[in-house]
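Listing of work-v2.cif; format and content: mmCIF, C-alpha atoms and all ligand atoms.
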```
data_start
#
loop_
_atom_site.label_atom_id
_atom_site.label_comp_id
_atom_site.auth_asym_id
_atom_site.auth_seq_id
_atom_site.Cartn_x
_atom_site.Cartn_y
_atom_site.Cartn_z
CA MET N 1 0.00 0.00 0.00
CA LEU N 2 2.68 2.38 1.08
CA THR N 3 4.69 1.40 -1.96
CA SER N 4 1.81 1.96 -4.32
CA LEU N 5 1.09 5.33 -2.70
CA PHE N 6 4.67 6.30 -3.21
CA LEU N 7 4.48 5.12 -6.75
CA LEU N 8 1.28 7.03 -7.34
CA SER N 9 2.62 10.20 -5.82
CA ALA N 10 5.84 9.79 -7.79
CA LEU N 11 3.84 9.42 -10.96
CA PHE N 12 1.71 12.44 -10.20
CA SER N 13 4.55 14.61 -9.08
CA THR N 14 6.30 13.76 -12.32
CA ALA N 15 3.22 14.81 -14.23
CA TRP N 16 2.62 17.90 -12.16
CA SER N 17 6.16 19.10 -12.23
CA CYS N 18 6.52 18.35 -15.90
CA PRO N 19 8.93 21.08 -16.91
CA LYS N 20 7.19 21.39 -20.26
CA HIS N 21 4.32 23.03 -18.36
CA ASP N 22 5.65 24.43 -15.10
CA ASN N 23 8.91 25.95 -16.23
CA TYR N 24 7.62 27.27 -19.49
CA GLN N 25 8.18 30.94 -18.99
CA SER N 26 8.06 33.84 -21.31
CA HIS N 27 11.40 35.49 -21.91
CA PRO N 28 12.12 38.64 -23.89
CA HIS N 29 14.64 36.91 -26.14
CA LEU N 30 13.83 33.25 -25.89
CA GLY N 31 10.04 33.37 -25.98
CA ARG N 32 8.17 30.28 -24.78
CA ARG N 33 9.77 27.74 -27.05
CA GLN N 34 11.95 25.90 -24.52
CA ILE N 35 12.29 24.81 -20.95
CA ARG N 36 14.40 27.32 -19.14
CA VAL N 37 16.13 26.52 -15.88
CA ASP N 38 18.45 28.82 -13.97
CA LYS N 39 21.42 26.75 -12.86
CA GLY N 40 23.93 29.51 -12.46
CA ARG N 41 27.48 29.10 -13.66
CA GLU N 42 30.75 28.00 -12.21
CA PRO N 43 32.52 31.07 -10.84
CA LYS N 44 35.88 31.70 -12.50
CA ASP N 45 38.94 33.19 -10.82
CA TRP N 46 40.50 34.22 -14.14
CA ASN N 47 39.65 36.62 -16.90
CA TYR N 48 40.83 37.55 -20.38
CA ASP N 49 42.31 40.88 -19.20
CA VAL N 50 45.38 39.04 -17.94
CA SER N 51 45.50 35.94 -20.13
CA ALA N 52 49.29 36.35 -20.51
CA ASP N 53 49.67 35.84 -16.77
CA TRP N 54 47.14 33.21 -15.68
CA ALA N 55 49.79 31.15 -13.87
CA THR N 56 50.11 33.90 -11.22
CA ILE N 57 46.45 33.53 -10.20
CA ASN N 58 46.53 29.96 -8.95
CA PRO N 59 49.38 27.42 -8.57
CA GLU N 60 47.20 24.91 -10.44
CA TYR N 61 47.52 27.10 -13.54
CA VAL N 62 51.32 26.68 -13.77
CA LEU N 63 51.11 25.03 -17.20
CA CYS N 64 49.63 28.25 -18.61
CA GLN N 65 53.13 29.68 -18.12
CA SER N 66 55.47 26.67 -18.28
CA GLY N 67 53.74 24.42 -20.83
CA THR N 68 55.60 23.33 -23.93
CA HIS N 69 52.68 23.15 -26.35
CA GLN N 70 50.12 25.72 -25.30
CA SER N 71 47.16 26.92 -27.34
CA PRO N 72 46.11 28.97 -29.22
CA ILE N 73 48.80 29.59 -31.83
CA ASN N 74 49.25 31.22 -35.19
CA ILE N 75 49.43 28.79 -38.11
CA ALA N 76 51.98 30.50 -40.31
CA GLN N 77 52.26 27.83 -42.97
CA GLN N 78 49.93 27.30 -45.88
CA ASP N 79 50.63 23.57 -46.17
CA LEU N 80 47.78 21.44 -44.86
CA SER N 81 48.07 18.21 -42.92
CA THR N 82 48.15 14.83 -44.62
CA LEU N 83 48.48 12.99 -41.28
CA HIS N 84 46.10 12.29 -38.37
CA LYS N 85 43.17 12.39 -40.79
CA PRO N 86 39.85 12.43 -38.90
CA ASN N 87 37.11 10.01 -39.98
CA PHE N 88 33.62 11.38 -39.36
CA GLU N 89 31.55 8.28 -40.21
CA GLY N 90 30.40 8.09 -36.58
CA TYR N 91 29.28 11.71 -36.51
CA GLN N 92 25.59 10.99 -36.95
CA SER N 93 23.51 13.61 -38.74
CA VAL N 94 20.78 13.58 -36.10
CA LYS N 95 19.41 16.10 -33.66
CA ILE N 96 20.37 15.36 -30.09
CA PRO N 97 19.08 17.20 -27.00
CA GLY N 98 21.34 19.26 -24.80
CA ASN N 99 21.64 22.39 -22.70
CA PHE N 100 22.14 25.74 -24.40
CA PHE N 101 23.73 28.40 -22.20
CA ASN N 102 26.41 31.08 -22.13
CA TRP N 103 29.73 30.06 -20.56
CA GLN N 104 30.09 33.63 -19.26
CA PHE N 105 31.83 34.79 -22.41
CA ALA N 106 29.85 33.41 -25.37
CA PRO N 107 27.15 30.88 -26.29
CA ALA N 108 27.78 27.20 -25.51
CA TRP N 109 25.97 23.88 -25.60
CA THR N 110 26.46 20.45 -24.00
CA PRO N 111 24.62 17.28 -25.05
CA HIS N 112 22.58 15.15 -22.68
CA HIS N 113 24.05 11.69 -22.08
CA PRO N 114 23.88 9.01 -19.39
CA GLU N 115 26.24 9.78 -16.49
CA GLY N 116 29.63 8.16 -17.12
CA ASP N 117 28.76 7.06 -20.65
CA VAL N 118 29.62 9.32 -23.56
CA THR N 119 29.77 6.52 -26.13
CA GLY N 120 26.33 7.30 -27.58
CA LEU N 121 27.43 10.79 -28.63
CA PRO N 122 28.59 11.72 -32.15
CA SER N 123 32.18 10.60 -32.55
CA PHE N 124 35.11 10.68 -34.93
CA ASN N 125 38.26 8.60 -35.24
CA PHE N 126 41.86 9.69 -35.65
CA ASP N 127 45.09 7.77 -35.10
CA GLY N 128 43.05 4.67 -34.17
CA GLU N 129 41.20 6.43 -31.35
CA GLU N 130 37.49 7.21 -31.11
CA VAL N 131 36.55 10.51 -29.47
CA PHE N 132 33.09 11.77 -28.56
CA ASN N 133 31.62 15.26 -28.73
CA ILE N 134 30.78 16.53 -25.23
CA GLY N 135 29.80 19.98 -26.38
CA TRP N 136 30.94 23.19 -27.94
CA HIS N 137 31.45 26.82 -26.99
CA ILE N 138 32.27 29.99 -28.87
CA HIS N 139 35.14 32.45 -28.47
CA ALA N 140 35.01 35.95 -29.90
CA PRO N 141 37.18 36.94 -31.61
CA SER N 142 38.81 33.70 -32.76
CA GLU N 143 41.65 32.25 -30.67
CA HIS N 144 43.67 30.73 -33.53
CA LEU N 145 45.26 32.86 -36.18
CA ILE N 146 45.88 31.67 -39.70
CA ASP N 147 48.82 33.44 -41.31
CA GLY N 148 48.42 36.14 -38.65
CA LYS N 149 44.74 36.72 -39.43
CA ARG N 150 42.12 36.50 -36.70
CA SER N 151 38.49 35.65 -37.48
CA ARG N 152 35.54 37.28 -35.72
CA ALA N 153 34.69 34.12 -33.77
CA GLU N 154 35.66 30.48 -33.31
CA ILE N 155 33.67 27.44 -32.21
CA HIS N 156 35.48 24.82 -30.14
CA MET N 157 33.97 21.36 -30.50
CA VAL N 158 35.38 19.43 -27.55
CA HIS N 159 35.91 15.66 -27.75
CA VAL N 160 36.79 13.13 -25.08
CA THR N 161 37.78 9.46 -25.08
CA ALA N 162 35.33 6.80 -23.87
CA GLU N 163 37.05 7.24 -20.47
CA GLU N 164 36.19 10.95 -20.70
CA HIS N 165 39.72 12.27 -21.06
CA GLU N 166 39.84 15.44 -23.13
CA ALA N 167 41.50 14.32 -26.35
CA ALA N 168 40.67 16.52 -29.34
CA VAL N 169 39.21 19.90 -30.17
CA ILE N 170 38.02 21.01 -33.57
CA GLY N 171 38.52 24.78 -33.81
CA ILE N 172 36.13 26.12 -36.42
CA ARG N 173 36.57 29.76 -37.38
CA LEU N 174 33.46 31.74 -38.30
CA ALA N 175 33.22 34.27 -41.11
CA VAL N 176 30.44 36.31 -42.72
CA GLY N 177 29.41 35.15 -46.15
CA PRO N 178 26.52 35.16 -48.60
CA GLN N 179 24.39 32.52 -46.86
CA GLU N 180 23.10 31.56 -43.45
CA SER N 181 24.60 28.71 -41.47
CA ALA N 182 22.07 25.92 -40.84
CA PHE N 183 24.16 24.89 -37.83
CA ILE N 184 23.78 28.32 -36.22
CA LYS N 185 20.18 28.71 -37.35
CA GLN N 186 19.02 25.62 -35.44
CA LEU N 187 20.06 27.28 -32.15
CA GLY N 188 17.47 30.04 -32.36
CA PRO N 189 18.09 33.21 -30.33
CA MET N 190 21.51 33.40 -28.67
CA ILE N 191 21.93 33.53 -24.89
CA HIS N 192 23.66 36.67 -23.64
CA TYR N 193 26.81 36.56 -21.49
CA ASN N 194 24.92 38.16 -18.59
CA ASP N 195 22.24 35.48 -18.71
CA THR N 196 22.92 32.64 -16.25
CA ALA N 197 19.96 30.50 -17.32
CA GLN N 198 20.14 27.39 -19.45
CA LEU N 199 17.73 26.18 -22.08
CA GLU N 200 17.31 22.49 -21.45
CA GLY N 201 16.59 20.06 -24.23
CA LEU N 202 17.61 22.21 -27.19
CA GLU N 203 18.09 19.75 -30.05
CA VAL N 204 21.20 20.28 -32.15
CA ASN N 205 22.59 18.44 -35.17
CA LEU N 206 26.35 18.66 -34.61
CA ARG N 207 27.14 17.13 -37.99
CA LEU N 208 25.95 20.30 -39.71
CA ALA N 209 29.00 22.15 -38.38
CA ILE N 210 31.34 19.48 -39.76
CA ASP N 211 29.60 19.49 -43.14
CA GLU N 212 29.64 23.30 -43.31
CA VAL N 213 33.45 23.29 -43.21
CA GLY N 214 33.80 20.74 -46.00
CA GLY N 215 33.83 17.69 -43.72
CA VAL N 216 37.20 18.84 -42.31
CA GLU N 217 38.85 17.34 -45.41
CA GLU N 218 41.39 20.17 -45.41
CA PHE N 219 42.92 21.00 -42.04
CA TRP N 220 45.92 21.85 -39.93
CA THR N 221 46.58 19.80 -36.81
CA TYR N 222 48.92 20.08 -33.84
CA LYS N 223 49.49 18.97 -30.26
CA GLY N 224 48.15 21.66 -27.93
CA SER N 225 46.33 22.50 -24.74
CA LEU N 226 43.11 23.81 -23.29
CA THR N 227 42.98 27.54 -23.99
CA THR N 228 41.56 28.27 -20.54
CA PRO N 229 43.03 27.53 -17.09
CA PRO N 230 44.39 25.06 -16.08
CA CYS N 231 45.77 24.98 -19.68
CA SER N 232 46.17 21.16 -19.58
CA GLU N 233 48.26 19.77 -22.43
CA GLY N 234 48.07 16.64 -24.58
CA LEU N 235 45.09 17.53 -26.74
CA ARG N 236 45.09 17.26 -30.50
CA TRP N 237 43.76 20.31 -32.28
CA PHE N 238 42.15 20.14 -35.69
CA LEU N 239 41.73 23.46 -37.47
CA PRO N 240 39.64 23.17 -40.64
CA LYS N 241 40.92 25.32 -43.49
CA GLN N 242 37.39 26.36 -44.39
CA GLU N 243 35.67 28.89 -42.19
CA LEU N 244 32.05 28.24 -41.23
CA ILE N 245 30.05 30.80 -43.17
CA VAL N 246 27.30 32.65 -41.34
CA SER N 247 25.07 35.50 -42.49
CA GLU N 248 25.79 39.05 -41.37
CA GLN N 249 22.74 38.89 -39.10
CA GLN N 250 23.90 35.62 -37.52
CA MET N 251 27.37 37.04 -36.85
CA VAL N 252 25.90 40.19 -35.30
CA GLU N 253 23.73 38.06 -32.99
CA ILE N 254 26.68 35.87 -31.95
CA LEU N 255 28.90 38.88 -31.25
CA ALA N 256 26.13 40.69 -29.35
CA ALA N 257 25.84 37.70 -27.00
CA SER N 258 29.62 37.40 -26.49
CA ARG N 259 32.43 39.12 -24.61
CA PHE N 260 36.09 39.42 -25.54
CA SER N 261 37.35 35.87 -25.07
CA HIS N 262 40.60 35.00 -26.82
CA ARG N 263 43.74 33.99 -24.97
CA VAL N 264 46.95 35.70 -26.11
CA GLU N 265 48.79 33.90 -28.92
CA GLN N 266 51.21 31.27 -27.59
CA PRO N 267 54.70 30.76 -29.02
CA VAL N 268 55.10 27.67 -31.22
CA TRP N 269 57.49 25.23 -29.55
CA LEU N 270 56.74 21.49 -29.28
CA HIS N 271 53.44 21.64 -31.15
CA ASP N 272 54.48 19.40 -34.09
CA ILE N 273 52.21 21.23 -36.51
CA ASN N 274 50.96 18.73 -39.13
CA LEU N 275 53.55 16.18 -37.95
ZN ZN N 301 37.57 27.08 -26.14
#
```

Using structure tokens, write down the structure from this file.
Ligand SMILES: [Zn+2]
Amino acid sequence: MLTSLFLLSALFSTAWSCPKHDNYQSHPHLGRRQIRVDKGREPKDWNYDVSADWATINPEYVLCQSGTHQSPINIAQQDLSTLHKPNFEGYQSVKIPGNFFNWQFAPAWTPHHPEGDVTGLPSFNFDGEEVFNIGWHIHAPSEHLIDGKRSRAEIHMVHVTAEEHEAAVIGIRLAVGPQESAFIKQLGPMIHYNDTAQLEGLEVNLRLAIDEVGGVEEFWTYKGSLTTPPCSEGLRWFLPKQELIVSEQQMVEILAASRFSHRVEQPVWLHDINL
């Protein structure tokens, strides 16, 4: 009896607290289209004002100063990579639900997945290893430079191994062109850097971003690091040659939701560009 009461009440409370009804709030920018939950954000003890000196903020950030293959860098050479070729067969062209938010500097999104199991997420292979997309975030302007040129923004698509070690980032530079980006369009209105709320369950087709830069057929690659503290090393970066083309309106909306968020250029040392 007690059990069935519990069950009943659990069933009802699930129905009553169904976020599709209860948390559906009107919002000046987001409207009523999604579930919106305020989760706050992790406070950060660093900022982009002093990105040349992050190691002085916290002893755990020592690699930001002493690392041997820090990111981002300038790619001075025109030659593209013929090694470490990524295979995107596992990057399903399907919409998957996730949380859309602003990481305090620019829009970001992370996919829903069972705790401790990323293996259902879109994945690609390189050097015999499979890595899974655990989300993306934007920097504005771009962090990487190509032949000294900085783009207006850059998307970082972050990939981990099945054991959830950060293993590869695809750094996709954005540029204004003659057509809209379907990848950006599916996001709807951007979330501003002052907005701490998350949209839960926003469905995103990650494959569109890969396709919109020519399937990453042409790319530079190197051994690098996280571009934010603690600047951990040992990641492989893939930088597609093609920029992801967005409309002028899309770029304006991305930039309006973003703050200055590129780390200072790091000297090339043990990065093994294209090697
Ligand atoms: Zn990043």

Site check for ligand ZN 301 (chain N): residues at most 9 Å away, only C-alpha atoms and all ligand atoms, as number ranges by chain: N: 136-139, 143, 154-158, 169, 171, 226-228, 261-262

From N:Ser142, N:Ser51, N:Thr161, N:Ser232, residue lying nearest N:Leu121 [only C-alpha atoms]: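 Once distances to N:Leu121 are computed over only C-alpha atoms, the minimum belongs to N:Thr161.
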
Nearby residues (only C-alpha atoms) at most 10 Å from N:Asp79, same-chain spacing under 4 positions excluded, as a list of chain:residue names: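 Once the nearby chain positions are removed, what remains is N:Ile75, N:Glu218, N:Phe219, N:Trp220, N:Asn274.
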
For the residues in the current selection, export C-alpha atoms as a CSV table (one decimal), in the frame of the given file.
```
chain,number,residue,atom,x,y,z
N,75,ILE,CA,49.4,28.8,-38.1
N,218,GLU,CA,41.4,20.2,-45.4
N,219,PHE,CA,42.9,21.0,-42.0
N,220,TRP,CA,45.9,21.8,-39.9
N,274,ASN,CA,51.0,18.7,-39.1
```

Local residues around (21.2, 37.0, -37.1), at most 12 Å away, using all atoms listed in the file, as an MDAnalysis selection string: chainID N and resid 176 179:182 184:190 246:257

Pick from N:Gln266, N:Ser151, N:Gln104, N:Thr110, whichever lies nearest to N:Tyr193 using only C-alpha atoms: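 Among the listed residues, N:Gln104 lies closest to N:Tyr193.
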
For N:Glu212: contacts at 8 Å, all atoms listed in the file, fewer than 6 positions along chain excluded, given as an MDAnalysis selection string: chainID N and resid 181 183 244:245

Resulting file, chosen residues, C-alpha atoms, as a short mmCIF file (atom, residue, chain, number, x, y, z; two decimals), in the frame of the given file:
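What ended up in part06.cif:
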```
data_model
loop_
_atom_site.label_atom_id
_atom_site.label_comp_id
_atom_site.auth_asym_id
_atom_site.auth_seq_id
_atom_site.Cartn_x
_atom_site.Cartn_y
_atom_site.Cartn_z
CA SER N 181 24.60 28.71 -41.47
CA PHE N 183 24.16 24.89 -37.83
CA LEU N 244 32.05 28.24 -41.23
CA ILE N 245 30.05 30.80 -43.17
#
```

Atom pair atom CA of N:Ser81 / atom CA of N:Pro240: separation (Å): 10.0 Å

Point (39.0, 8.0, -37.7) neighbourhood (8 Å, all atoms listed in the file) written as a PyMOL selection string: chain N and resi 85-89+124-130

Separation of atom CA of N:Glu60 from atom CA of N:Gly135 in Å: 24.1 Å

From N:Ile134, N:Val213, N:Ile57, N:Ala168, residue lying nearest N:Ala108 [all atoms listed in the file]: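 Distance minimum relative to N:Ala108 lands on N:Ile134.
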
Exercise: N:Trp237 partners within 7 Å, only C-alpha atoms, chain neighbours under 5 positions left out, as a list of chain:residue names: N:Ala168, N:Val169, N:Ile170, N:Thr221, N:Tyr222, N:Lys223, N:Gly224

Distance in Å - atom CA of N:Leu202 versus atom CA of N:Tyr91: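 It comes out at 18.3 Å.
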
Residue among N:Gly177, N:Pro43, N:Pro72, N:Gly215 lying closest to N:Leu235, counting only C-alpha atoms: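 Checking each of N:Gly177, N:Pro43, N:Pro72, N:Gly215 against N:Leu235, counting only C-alpha atoms, the winner is N:Pro72.
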
Nearest residue to N:Trp46 from the set N:Ala106, N:Ala140, N:Ile191, N:Cys64 (distances using only C-alpha atoms):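 Once distances to N:Trp46 are computed over only C-alpha atoms, the minimum belongs to N:Cys64.
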
Selection: 10 Å around N:Asn47, only C-alpha atoms, excl. self and same-chain fewer than 3 positions, as a PyMOL selection string: chain N and resi 44+50-51+54+105+228-229+260-261+263

Given all atoms listed in the file as the counted atoms, nearest of N:Glu203, N:Glu233, N:Asp211, N:Asp117 to N:Glu166: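 Among the listed residues, the smallest separation from N:Glu166 belongs to N:Glu233.
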